[in-house]
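Content type PDB, N, CA and C atoms, from the file target39.pdb:
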```
ATOM      1  N   MET A   1      17.953 -29.517  10.085
ATOM      2  CA  MET A   1      17.143 -28.848   9.099
ATOM      3  C   MET A   1      17.990 -28.664   7.843
ATOM      4  N   THR A   2      17.408 -28.963   6.704
ATOM      5  CA  THR A   2      18.125 -28.800   5.449
ATOM      6  C   THR A   2      18.121 -27.331   5.031
ATOM      7  N   SER A   3      19.039 -26.994   4.138
ATOM      8  CA  SER A   3      19.091 -25.610   3.655
ATOM      9  C   SER A   3      17.832 -25.257   2.876
ATOM     10  N   SER A   4      17.232 -26.241   2.231
ATOM     11  CA  SER A   4      15.990 -26.007   1.506
ATOM     12  C   SER A   4      14.876 -25.581   2.459
ATOM     13  N   TRP A   5      14.767 -26.250   3.590
ATOM     14  CA  TRP A   5      13.752 -25.887   4.576
ATOM     15  C   TRP A   5      14.069 -24.551   5.233
ATOM     16  N   ALA A   6      15.336 -24.308   5.499
ATOM     17  CA  ALA A   6      15.720 -23.025   6.101
ATOM     18  C   ALA A   6      15.342 -21.871   5.177
ATOM     19  N   LEU A   7      15.593 -22.035   3.888
ATOM     20  CA  LEU A   7      15.228 -20.998   2.918
ATOM     21  C   LEU A   7      13.715 -20.828   2.844
ATOM     22  N   ARG A   8      12.997 -21.926   2.868
ATOM     23  CA  ARG A   8      11.533 -21.869   2.836
ATOM     24  C   ARG A   8      10.990 -21.127   4.063
ATOM     25  N   LEU A   9      11.537 -21.428   5.228
ATOM     26  CA  LEU A   9      11.099 -20.760   6.454
ATOM     27  C   LEU A   9      11.467 -19.276   6.447
ATOM     28  N   LEU A  10      12.641 -18.952   5.917
ATOM     29  CA  LEU A  10      13.032 -17.542   5.800
ATOM     30  C   LEU A  10      12.065 -16.808   4.879
ATOM     31  N   ARG A  11      11.714 -17.424   3.746
ATOM     32  CA  ARG A  11      10.770 -16.811   2.792
ATOM     33  C   ARG A  11       9.435 -16.528   3.483
ATOM     34  N   TRP A  12       8.882 -17.516   4.180
ATOM     35  CA  TRP A  12       7.584 -17.357   4.825
ATOM     36  C   TRP A  12       7.639 -16.334   5.956
ATOM     37  N   SER A  13       8.671 -16.391   6.778
ATOM     38  CA  SER A  13       8.738 -15.432   7.895
ATOM     39  C   SER A  13       8.933 -14.009   7.376
ATOM     40  N   PHE A  14       9.750 -13.829   6.349
ATOM     41  CA  PHE A  14       9.967 -12.512   5.763
ATOM     42  C   PHE A  14       8.666 -11.982   5.154
ATOM     43  N   ALA A  15       8.010 -12.806   4.334
ATOM     44  CA  ALA A  15       6.783 -12.368   3.659
ATOM     45  C   ALA A  15       5.687 -12.030   4.665
ATOM     46  N   LEU A  16       5.544 -12.846   5.685
ATOM     47  CA  LEU A  16       4.501 -12.577   6.676
ATOM     48  C   LEU A  16       4.827 -11.354   7.520
ATOM     49  N   PHE A  17       6.107 -11.150   7.832
ATOM     50  CA  PHE A  17       6.501  -9.951   8.571
ATOM     51  C   PHE A  17       6.200  -8.693   7.757
ATOM     52  N   ILE A  18       6.594  -8.699   6.485
ATOM     53  CA  ILE A  18       6.369  -7.530   5.625
ATOM     54  C   ILE A  18       4.869  -7.304   5.425
ATOM     55  N   ALA A  19       4.107  -8.370   5.181
ATOM     56  CA  ALA A  19       2.661  -8.232   5.008
ATOM     57  C   ALA A  19       2.013  -7.697   6.284
ATOM     58  N   GLY A  20       2.436  -8.203   7.434
ATOM     59  CA  GLY A  20       1.890  -7.726   8.701
ATOM     60  C   GLY A  20       2.211  -6.268   8.949
ATOM     61  N   SER A  21       3.449  -5.885   8.678
ATOM     62  CA  SER A  21       3.846  -4.482   8.840
ATOM     63  C   SER A  21       3.062  -3.573   7.902
ATOM     64  N   SER A  22       2.845  -4.043   6.692
ATOM     65  CA  SER A  22       2.075  -3.265   5.714
ATOM     66  C   SER A  22       0.633  -3.098   6.165
ATOM     67  N   ALA A  23       0.060  -4.161   6.691
ATOM     68  CA  ALA A  23      -1.326  -4.103   7.150
ATOM     69  C   ALA A  23      -1.468  -3.113   8.307
ATOM     70  N   VAL A  24      -0.517  -3.138   9.235
ATOM     71  CA  VAL A  24      -0.554  -2.196  10.357
ATOM     72  C   VAL A  24      -0.432  -0.765   9.848
ATOM     73  N   THR A  25       0.464  -0.541   8.897
ATOM     74  CA  THR A  25       0.635   0.800   8.329
ATOM     75  C   THR A  25      -0.630   1.248   7.593
ATOM     76  N   ALA A  26      -1.261   0.335   6.867
ATOM     77  CA  ALA A  26      -2.479   0.689   6.123
ATOM     78  C   ALA A  26      -3.620   1.050   7.063
ATOM     79  N   VAL A  27      -3.705   0.364   8.187
ATOM     80  CA  VAL A  27      -4.782   0.630   9.139
ATOM     81  C   VAL A  27      -4.502   1.884   9.958
ATOM     82  N   ASN A  28      -3.225   2.131  10.268
ATOM     83  CA  ASN A  28      -2.834   3.277  11.094
ATOM     84  C   ASN A  28      -1.683   4.016  10.410
ATOM     85  N   PRO A  29      -1.962   4.745   9.321
ATOM     86  CA  PRO A  29      -0.895   5.308   8.497
ATOM     87  C   PRO A  29      -0.125   6.490   9.094
ATOM     88  N   GLY A  30      -0.598   7.101  10.151
ATOM     89  CA  GLY A  30       0.127   8.217  10.749
ATOM     90  C   GLY A  30      -0.130   9.530  10.031
ATOM     91  N   HIS A  31       0.839  10.457  10.166
ATOM     92  CA  HIS A  31       0.619  11.809   9.656
ATOM     93  C   HIS A  31       0.818  11.939   8.145
ATOM     94  N   GLN A  32       1.467  11.027   7.497
ATOM     95  CA  GLN A  32       1.626  11.032   6.033
ATOM     96  C   GLN A  32       0.643  10.026   5.423
ATOM     97  N   HIS A  33      -0.632  10.227   5.691
ATOM     98  CA  HIS A  33      -1.692   9.274   5.380
ATOM     99  C   HIS A  33      -1.646   8.757   3.940
ATOM    100  N   HIS A  34      -1.684   9.631   2.962
ATOM    101  CA  HIS A  34      -1.778   9.208   1.557
ATOM    102  C   HIS A  34      -0.511   8.498   1.092
ATOM    103  N   VAL A  35       0.631   8.993   1.494
ATOM    104  CA  VAL A  35       1.897   8.376   1.080
ATOM    105  C   VAL A  35       2.036   6.996   1.714
ATOM    106  N   ALA A  36       1.753   6.900   3.007
ATOM    107  CA  ALA A  36       1.869   5.617   3.700
ATOM    108  C   ALA A  36       0.923   4.583   3.106
ATOM    109  N   LEU A  37      -0.282   4.982   2.821
ATOM    110  CA  LEU A  37      -1.264   4.072   2.240
ATOM    111  C   LEU A  37      -0.858   3.659   0.820
ATOM    112  N   ALA A  38      -0.334   4.601   0.055
ATOM    113  CA  ALA A  38       0.104   4.305  -1.317
ATOM    114  C   ALA A  38       1.260   3.312  -1.344
ATOM    115  N   LEU A  39       2.068   3.278  -0.299
ATOM    116  CA  LEU A  39       3.166   2.314  -0.225
ATOM    117  C   LEU A  39       2.735   1.014   0.451
ATOM    118  N   ALA A  40       1.862   1.090   1.435
ATOM    119  CA  ALA A  40       1.473  -0.088   2.214
ATOM    120  C   ALA A  40       0.663  -1.094   1.401
ATOM    121  N   VAL A  41      -0.227  -0.618   0.564
ATOM    122  CA  VAL A  41      -1.096  -1.535  -0.181
ATOM    123  C   VAL A  41      -0.299  -2.378  -1.190
ATOM    124  N   PRO A  42       0.501  -1.768  -2.066
ATOM    125  CA  PRO A  42       1.269  -2.620  -2.983
ATOM    126  C   PRO A  42       2.305  -3.480  -2.246
ATOM    127  N   GLU A  43       2.833  -2.978  -1.142
ATOM    128  CA  GLU A  43       3.784  -3.772  -0.359
ATOM    129  C   GLU A  43       3.104  -5.019   0.199
ATOM    130  N   PHE A  44       1.887  -4.865   0.703
ATOM    131  CA  PHE A  44       1.128  -5.992   1.238
ATOM    132  C   PHE A  44       0.883  -7.046   0.162
ATOM    133  N   VAL A  45       0.409  -6.605  -0.992
ATOM    134  CA  VAL A  45       0.122  -7.532  -2.096
ATOM    135  C   VAL A  45       1.399  -8.217  -2.569
ATOM    136  N   ALA A  46       2.478  -7.461  -2.717
ATOM    137  CA  ALA A  46       3.746  -8.040  -3.175
ATOM    138  C   ALA A  46       4.314  -9.016  -2.150
ATOM    139  N   ALA A  47       4.156  -8.716  -0.875
ATOM    140  CA  ALA A  47       4.654  -9.626   0.168
ATOM    141  C   ALA A  47       3.936 -10.969   0.098
ATOM    142  N   LEU A  48       2.634 -10.944  -0.122
ATOM    143  CA  LEU A  48       1.900 -12.205  -0.259
ATOM    144  C   LEU A  48       2.261 -12.918  -1.561
ATOM    145  N   ALA A  49       2.431 -12.158  -2.631
ATOM    146  CA  ALA A  49       2.827 -12.751  -3.914
ATOM    147  C   ALA A  49       4.228 -13.356  -3.833
ATOM    148  N   PHE A  50       5.057 -12.829  -2.952
ATOM    149  CA  PHE A  50       6.433 -13.315  -2.767
ATOM    150  C   PHE A  50       6.453 -14.785  -2.340
ATOM    151  N   LEU A  51       5.353 -15.281  -1.816
ATOM    152  CA  LEU A  51       5.277 -16.671  -1.368
ATOM    153  C   LEU A  51       5.140 -17.657  -2.520
ATOM    154  N   PHE A  52       4.813 -17.171  -3.704
ATOM    155  CA  PHE A  52       4.577 -18.049  -4.851
ATOM    156  C   PHE A  52       5.748 -17.958  -5.825
ATOM    157  N   ARG A  53       6.467 -19.051  -5.964
ATOM    158  CA  ARG A  53       7.689 -19.050  -6.772
ATOM    159  C   ARG A  53       7.511 -18.585  -8.215
ATOM    160  N   PRO A  54       6.424 -18.941  -8.900
ATOM    161  CA  PRO A  54       6.307 -18.492 -10.292
ATOM    162  C   PRO A  54       6.296 -16.965 -10.455
ATOM    163  N   ILE A  55       5.881 -16.237  -9.421
ATOM    164  CA  ILE A  55       5.812 -14.782  -9.536
ATOM    165  C   ILE A  55       6.718 -14.072  -8.525
ATOM    166  N   GLU A  56       7.653 -14.825  -7.935
ATOM    167  CA  GLU A  56       8.507 -14.244  -6.893
ATOM    168  C   GLU A  56       9.394 -13.112  -7.407
ATOM    169  N   ARG A  57       9.862 -13.212  -8.636
ATOM    170  CA  ARG A  57      10.724 -12.144  -9.167
ATOM    171  C   ARG A  57       9.956 -10.842  -9.342
ATOM    172  N   ALA A  58       8.747 -10.924  -9.860
ATOM    173  CA  ALA A  58       7.915  -9.722 -10.010
ATOM    174  C   ALA A  58       7.574  -9.145  -8.636
ATOM    175  N   ALA A  59       7.238 -10.016  -7.694
ATOM    176  CA  ALA A  59       6.926  -9.562  -6.335
ATOM    177  C   ALA A  59       8.145  -8.908  -5.696
ATOM    178  N   CYS A  60       9.316  -9.491  -5.916
ATOM    179  CA  CYS A  60      10.553  -8.921  -5.377
ATOM    180  C   CYS A  60      10.805  -7.538  -5.975
ATOM    181  N   ALA A  61      10.569  -7.389  -7.267
ATOM    182  CA  ALA A  61      10.775  -6.089  -7.917
ATOM    183  C   ALA A  61       9.849  -5.030  -7.319
ATOM    184  N   VAL A  62       8.601  -5.393  -7.075
ATOM    185  CA  VAL A  62       7.660  -4.446  -6.465
ATOM    186  C   VAL A  62       8.122  -4.099  -5.047
ATOM    187  N   LEU A  63       8.532  -5.106  -4.286
ATOM    188  CA  LEU A  63       9.024  -4.847  -2.929
ATOM    189  C   LEU A  63      10.231  -3.909  -2.956
ATOM    190  N   LEU A  64      11.147  -4.114  -3.889
ATOM    191  CA  LEU A  64      12.324  -3.251  -3.975
ATOM    192  C   LEU A  64      11.927  -1.812  -4.290
ATOM    193  N   LEU A  65      10.958  -1.624  -5.172
ATOM    194  CA  LEU A  65      10.471  -0.271  -5.477
ATOM    195  C   LEU A  65       9.816   0.375  -4.260
ATOM    196  N   VAL A  66       9.021  -0.405  -3.532
ATOM    197  CA  VAL A  66       8.372   0.121  -2.330
ATOM    198  C   VAL A  66       9.410   0.480  -1.277
ATOM    199  N   PHE A  67      10.386  -0.412  -1.063
ATOM    200  CA  PHE A  67      11.418  -0.141  -0.058
ATOM    201  C   PHE A  67      12.224   1.103  -0.424
ATOM    202  N   ALA A  68      12.558   1.256  -1.695
ATOM    203  CA  ALA A  68      13.304   2.438  -2.132
ATOM    204  C   ALA A  68      12.475   3.707  -1.938
ATOM    205  N   SER A  69      11.200   3.638  -2.275
ATOM    206  CA  SER A  69      10.316   4.800  -2.091
ATOM    207  C   SER A  69      10.157   5.141  -0.622
ATOM    208  N   ALA A  70       9.970   4.128   0.203
ATOM    209  CA  ALA A  70       9.817   4.352   1.645
ATOM    210  C   ALA A  70      11.100   4.919   2.242
ATOM    211  N   LEU A  71      12.228   4.491   1.735
ATOM    212  CA  LEU A  71      13.512   5.027   2.195
ATOM    213  C   LEU A  71      13.603   6.522   1.908
ATOM    214  N   VAL A  72      13.252   6.913   0.705
ATOM    215  CA  VAL A  72      13.304   8.331   0.320
ATOM    216  C   VAL A  72      12.339   9.155   1.169
ATOM    217  N   VAL A  73      11.130   8.656   1.340
ATOM    218  CA  VAL A  73      10.136   9.374   2.143
ATOM    219  C   VAL A  73      10.609   9.494   3.586
ATOM    220  N   SER A  74      11.149   8.415   4.139
ATOM    221  CA  SER A  74      11.618   8.434   5.526
ATOM    222  C   SER A  74      12.754   9.428   5.730
ATOM    223  N   ILE A  75      13.693   9.465   4.799
ATOM    224  CA  ILE A  75      14.798  10.424   4.907
ATOM    225  C   ILE A  75      14.258  11.852   4.823
ATOM    226  N   ALA A  76      13.304  12.073   3.914
ATOM    227  CA  ALA A  76      12.706  13.415   3.792
ATOM    228  C   ALA A  76      12.011  13.846   5.077
ATOM    229  N   LEU A  77      11.522  12.870   5.827
ATOM    230  CA  LEU A  77      10.851  13.163   7.099
ATOM    231  C   LEU A  77      11.823  13.188   8.284
ATOM    232  N   GLY A  78      13.109  12.964   8.002
ATOM    233  CA  GLY A  78      14.113  13.036   9.058
ATOM    234  C   GLY A  78      14.415  11.730   9.756
ATOM    235  N   ASP A  79      13.938  10.605   9.248
ATOM    236  CA  ASP A  79      14.229   9.294   9.834
ATOM    237  C   ASP A  79      15.492   8.741   9.169
ATOM    238  N   TYR A  80      16.629   8.943   9.795
ATOM    239  CA  TYR A  80      17.895   8.549   9.193
ATOM    240  C   TYR A  80      18.287   7.108   9.500
ATOM    241  N   LEU A  81      17.460   6.391  10.251
ATOM    242  CA  LEU A  81      17.675   4.967  10.471
ATOM    243  C   LEU A  81      17.023   4.149   9.354
ATOM    244  N   ALA A  82      16.115   4.758   8.630
ATOM    245  CA  ALA A  82      15.387   4.077   7.560
ATOM    246  C   ALA A  82      16.290   3.448   6.501
ATOM    247  N   PRO A  83      17.383   4.094   6.072
ATOM    248  CA  PRO A  83      18.213   3.447   5.055
ATOM    249  C   PRO A  83      18.718   2.074   5.491
ATOM    250  N   LEU A  84      19.050   1.921   6.754
ATOM    251  CA  LEU A  84      19.491   0.611   7.241
ATOM    252  C   LEU A  84      18.348  -0.398   7.214
ATOM    253  N   ARG A  85      17.204   0.014   7.684
ATOM    254  CA  ARG A  85      16.045  -0.881   7.761
ATOM    255  C   ARG A  85      15.588  -1.306   6.365
ATOM    256  N   PHE A  86      15.372  -0.343   5.490
ATOM    257  CA  PHE A  86      14.874  -0.689   4.160
ATOM    258  C   PHE A  86      15.942  -1.366   3.302
ATOM    259  N   GLY A  87      17.205  -1.022   3.519
ATOM    260  CA  GLY A  87      18.294  -1.738   2.845
ATOM    261  C   GLY A  87      18.342  -3.193   3.265
ATOM    262  N   TYR A  88      18.143  -3.433   4.547
ATOM    263  CA  TYR A  88      18.114  -4.804   5.062
ATOM    264  C   TYR A  88      16.950  -5.582   4.458
ATOM    265  N   PHE A  89      15.778  -4.972   4.420
ATOM    266  CA  PHE A  89      14.620  -5.639   3.833
ATOM    267  C   PHE A  89      14.869  -5.952   2.358
ATOM    268  N   ALA A  90      15.425  -4.999   1.630
ATOM    269  CA  ALA A  90      15.676  -5.191   0.199
ATOM    270  C   ALA A  90      16.671  -6.321  -0.038
ATOM    271  N   MET A  91      17.758  -6.329   0.717
ATOM    272  CA  MET A  91      18.769  -7.363   0.514
ATOM    273  C   MET A  91      18.265  -8.737   0.942
ATOM    274  N   THR A  92      17.397  -8.785   1.937
ATOM    275  CA  THR A  92      16.810 -10.062   2.337
ATOM    276  C   THR A  92      15.935 -10.612   1.213
ATOM    277  N   ALA A  93      15.134  -9.766   0.594
ATOM    278  CA  ALA A  93      14.297 -10.201  -0.521
ATOM    279  C   ALA A  93      15.144 -10.696  -1.684
ATOM    280  N   VAL A  94      16.192  -9.951  -2.019
ATOM    281  CA  VAL A  94      17.080 -10.355  -3.116
ATOM    282  C   VAL A  94      17.767 -11.683  -2.785
ATOM    283  N   PHE A  95      18.217 -11.835  -1.553
ATOM    284  CA  PHE A  95      18.874 -13.081  -1.153
ATOM    285  C   PHE A  95      17.928 -14.272  -1.281
ATOM    286  N   ILE A  96      16.709 -14.119  -0.802
ATOM    287  CA  ILE A  96      15.748 -15.223  -0.844
ATOM    288  C   ILE A  96      15.485 -15.659  -2.280
ATOM    289  N   VAL A  97      15.266 -14.698  -3.162
ATOM    290  CA  VAL A  97      14.991 -15.035  -4.564
ATOM    291  C   VAL A  97      16.215 -15.661  -5.227
ATOM    292  N   SER A  98      17.386 -15.070  -5.044
ATOM    293  CA  SER A  98      18.584 -15.610  -5.704
ATOM    294  C   SER A  98      18.962 -16.980  -5.141
ATOM    295  N   ALA A  99      18.834 -17.173  -3.843
ATOM    296  CA  ALA A  99      19.146 -18.477  -3.255
ATOM    297  C   ALA A  99      18.161 -19.539  -3.738
ATOM    298  N   GLY A 100      16.914 -19.166  -3.875
ATOM    299  CA  GLY A 100      15.919 -20.104  -4.387
ATOM    300  C   GLY A 100      16.210 -20.525  -5.811
ATOM    301  N   TRP A 101      16.606 -19.575  -6.635
ATOM    302  CA  TRP A 101      16.935 -19.906  -8.027
ATOM    303  C   TRP A 101      18.191 -20.761  -8.116
ATOM    304  N   ARG A 102      19.193 -20.460  -7.303
ATOM    305  CA  ARG A 102      20.411 -21.292  -7.285
ATOM    306  C   ARG A 102      20.086 -22.715  -6.834
ATOM    307  N   GLU A 103      19.233 -22.834  -5.848
ATOM    308  CA  GLU A 103      18.837 -24.151  -5.343
ATOM    309  C   GLU A 103      18.121 -24.957  -6.429
ATOM    310  N   ARG A 104      17.196 -24.329  -7.133
ATOM    311  CA  ARG A 104      16.474 -25.027  -8.195
ATOM    312  C   ARG A 104      17.403 -25.420  -9.339
ATOM    313  N   GLU A 105      18.345 -24.543  -9.681
ATOM    314  CA  GLU A 105      19.303 -24.867 -10.744
ATOM    315  C   GLU A 105      20.170 -26.064 -10.359
ATOM    316  N   SER A 106      20.605 -26.116  -9.121
ATOM    317  CA  SER A 106      21.445 -27.244  -8.695
ATOM    318  C   SER A 106      20.636 -28.529  -8.657
ATOM    319  N   GLN A 107      19.353 -28.464  -8.287
ATOM    320  CA  GLN A 107      18.510 -29.651  -8.294
ATOM    321  C   GLN A 107      18.287 -30.154  -9.705
ATOM    322  N   GLU A 108      18.141 -29.222 -10.660
ATOM    323  CA  GLU A 108      17.978 -29.624 -12.064
ATOM    324  C   GLU A 108      19.234 -30.281 -12.596
ATOM    325  N   ARG A 109      20.405 -29.747 -12.224
ATOM    326  CA  ARG A 109      21.668 -30.359 -12.654
ATOM    327  C   ARG A 109      21.800 -31.778 -12.098
ATOM    328  N   LEU A 110      21.436 -31.959 -10.853
ATOM    329  CA  LEU A 110      21.510 -33.280 -10.235
ATOM    330  C   LEU A 110      20.543 -34.260 -10.883
ATOM    331  N   ALA A 111      19.411 -33.758 -11.323
ATOM    332  CA  ALA A 111      18.403 -34.607 -11.963
ATOM    333  C   ALA A 111      18.764 -34.912 -13.406
ATOM    334  N   GLY A 112      19.779 -34.229 -13.950
ATOM    335  CA  GLY A 112      20.235 -34.501 -15.307
ATOM    336  C   GLY A 112      19.560 -33.692 -16.387
ATOM    337  N   PHE A 113      18.938 -32.584 -16.015
ATOM    338  CA  PHE A 113      18.273 -31.732 -17.010
ATOM    339  C   PHE A 113      19.259 -30.887 -17.732
TER     340      PHE A 113
END
```
Please go through the file and, once you have read it, give me the structure as structure tokens.
Amino acid sequence: MTSSWALRLLRWSFALFIAGSSAVTAVNPGHQHHVALALAVPEFVAALAFLFRPIERAACAVLLLVFASALVVSIALGDYLAPLRFGYFAMTAVFIVSAGWRERESQERLAGF
């Protein structure tokens, strides 16, 4: 498998995992109903938008805001494992976007642009 395909598969699996998690949270938000729903809906939309390269940076920015907000809410509720989970999600999103841009830049250099 080429690194290009590995990155593509990572992007799709990450986006679908985040979208699926958001959908589950939106349907069953728990005891913080309004807060969970307010974070789940934009997270779901941004996760799907993350699949489209022209808008991946904007989608990544929205995901980072949602992850940061969810981290703060989780800590306030006493979930001290949340910083690891949301930090991991945030860094995965940043890695996917930055690796994709580096890959495209190297392909352009090879093509002589």
- request: Name all residues at most 8 Å from A:Arg11 (count only C-alpha atoms; drop same-chain ones fewer than 5 positions away) and give them as an MDAnalysis selection string.
  value: chainID A and resid 50:51 96
Could you write out that same residue set with N, CA and C atoms as a PDB file, keeping the file's coordinate frame?
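What follows is the written file out_6.pdb:
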```pdb
ATOM      1  N   PHE A  50       5.057 -12.829  -2.952  1.00  0.00           N
ATOM      2  CA  PHE A  50       6.433 -13.315  -2.767  1.00  0.00           C
ATOM      3  C   PHE A  50       6.453 -14.785  -2.340  1.00  0.00           C
ATOM      4  N   LEU A  51       5.353 -15.281  -1.816  1.00  0.00           N
ATOM      5  CA  LEU A  51       5.277 -16.671  -1.368  1.00  0.00           C
ATOM      6  C   LEU A  51       5.140 -17.657  -2.520  1.00  0.00           C
ATOM      7  N   ILE A  96      16.709 -14.119  -0.802  1.00  0.00           N
ATOM      8  CA  ILE A  96      15.748 -15.223  -0.844  1.00  0.00           C
ATOM      9  C   ILE A  96      15.485 -15.659  -2.280  1.00  0.00           C
TER      10      ILE A  96
END
```
Backbone DSSP call of alpha helix (DSSP H) for chain A, listed as a VMD selection string: chain A and resid 3 to 27 33 to 49 56 to 76 82 to 111
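Compared by their closest atoms to A:Leu65, and using all atoms listed in the file, the residues A:Val35, A:Ala90, A:Ala26, A:Leu10 rank with A:Ala90 nearest.
With all atoms listed in the file as the atoms that count, the minimum distance from A:Val66 to the choices A:Arg109, A:Pro42, A:Leu9, A:Ala93 is reached by A:Pro42.
Among the candidates A:Leu110, A:Ala36, A:Leu48, A:Ala6, the one nearest to A:Ala19 when counting all atoms listed in the file is A:Leu48.
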- line: Shortest contact to A:Leu37, candidates A:Cys60, A:Val72, A:Ala82, A:Ala23, atoms counted only C-alpha atoms, goes to A:Ala23
message: Would you pick out the contacts of A:Phe44 at 7 Å or less, using all atoms listed in the file, so that residues sharing its chain but fewer than 3 positions from it are not included, and give the list as an MDAnalysis selection string?
response: chainID A and resid 18:20 22:23 39:41 47:49
- prompt: What is the atom N of A:Met91 to atom CA of A:Trp12 distance in Å?
  reply: 15.6 Å
field: Computed interatomic separation between atom CA of A:Tyr80 and atom N of A:Gln32 (Å)
entry: 16.7 Å
Residue rebuild result stretch 60-67 of chain A, all heavy atoms as a short mmCIF file (atom, residue, chain, number, x, y, z; two decimals), keeping the file's coordinate frame:
```cif
data_model
loop_
_atom_site.label_atom_id
_atom_site.label_comp_id
_atom_site.auth_asym_id
_atom_site.auth_seq_id
_atom_site.Cartn_x
_atom_site.Cartn_y
_atom_site.Cartn_z
N CYS A 60 9.32 -9.49 -5.92
CA CYS A 60 10.55 -8.92 -5.38
C CYS A 60 10.80 -7.54 -5.98
O CYS A 60 11.19 -6.61 -5.26
CB CYS A 60 11.73 -9.86 -5.66
SG CYS A 60 13.29 -9.31 -4.93
N ALA A 61 10.57 -7.39 -7.27
CA ALA A 61 10.78 -6.09 -7.92
C ALA A 61 9.85 -5.03 -7.32
O ALA A 61 10.28 -3.90 -7.05
CB ALA A 61 10.55 -6.21 -9.42
N VAL A 62 8.60 -5.39 -7.08
CA VAL A 62 7.66 -4.45 -6.46
C VAL A 62 8.12 -4.10 -5.05
O VAL A 62 8.11 -2.92 -4.65
CB VAL A 62 6.22 -5.01 -6.46
CG1 VAL A 62 5.29 -4.13 -5.64
CG2 VAL A 62 5.71 -5.16 -7.88
N LEU A 63 8.53 -5.11 -4.29
CA LEU A 63 9.02 -4.85 -2.93
C LEU A 63 10.23 -3.91 -2.96
O LEU A 63 10.32 -2.99 -2.14
CB LEU A 63 9.38 -6.15 -2.22
CG LEU A 63 8.20 -7.00 -1.77
CD1 LEU A 63 8.70 -8.34 -1.23
CD2 LEU A 63 7.37 -6.28 -0.72
N LEU A 64 11.15 -4.11 -3.89
CA LEU A 64 12.32 -3.25 -3.98
C LEU A 64 11.93 -1.81 -4.29
O LEU A 64 12.50 -0.86 -3.72
CB LEU A 64 13.31 -3.78 -5.01
CG LEU A 64 13.98 -5.12 -4.68
CD1 LEU A 64 14.87 -5.57 -5.83
CD2 LEU A 64 14.75 -5.04 -3.38
N LEU A 65 10.96 -1.62 -5.17
CA LEU A 65 10.47 -0.27 -5.48
C LEU A 65 9.82 0.38 -4.26
O LEU A 65 10.04 1.55 -3.98
CB LEU A 65 9.49 -0.31 -6.65
CG LEU A 65 10.09 -0.57 -8.02
CD1 LEU A 65 8.98 -0.79 -9.05
CD2 LEU A 65 10.97 0.59 -8.43
N VAL A 66 9.02 -0.40 -3.53
CA VAL A 66 8.37 0.12 -2.33
C VAL A 66 9.41 0.48 -1.28
O VAL A 66 9.34 1.54 -0.66
CB VAL A 66 7.33 -0.88 -1.78
CG1 VAL A 66 6.86 -0.47 -0.39
CG2 VAL A 66 6.15 -1.01 -2.73
N PHE A 67 10.39 -0.41 -1.06
CA PHE A 67 11.42 -0.14 -0.06
C PHE A 67 12.22 1.10 -0.42
O PHE A 67 12.54 1.93 0.44
CB PHE A 67 12.36 -1.34 0.11
CG PHE A 67 11.69 -2.58 0.64
CD1 PHE A 67 12.19 -3.83 0.30
CD2 PHE A 67 10.58 -2.52 1.46
CE1 PHE A 67 11.60 -4.99 0.79
CE2 PHE A 67 9.97 -3.66 1.95
CZ PHE A 67 10.48 -4.91 1.61
#
```
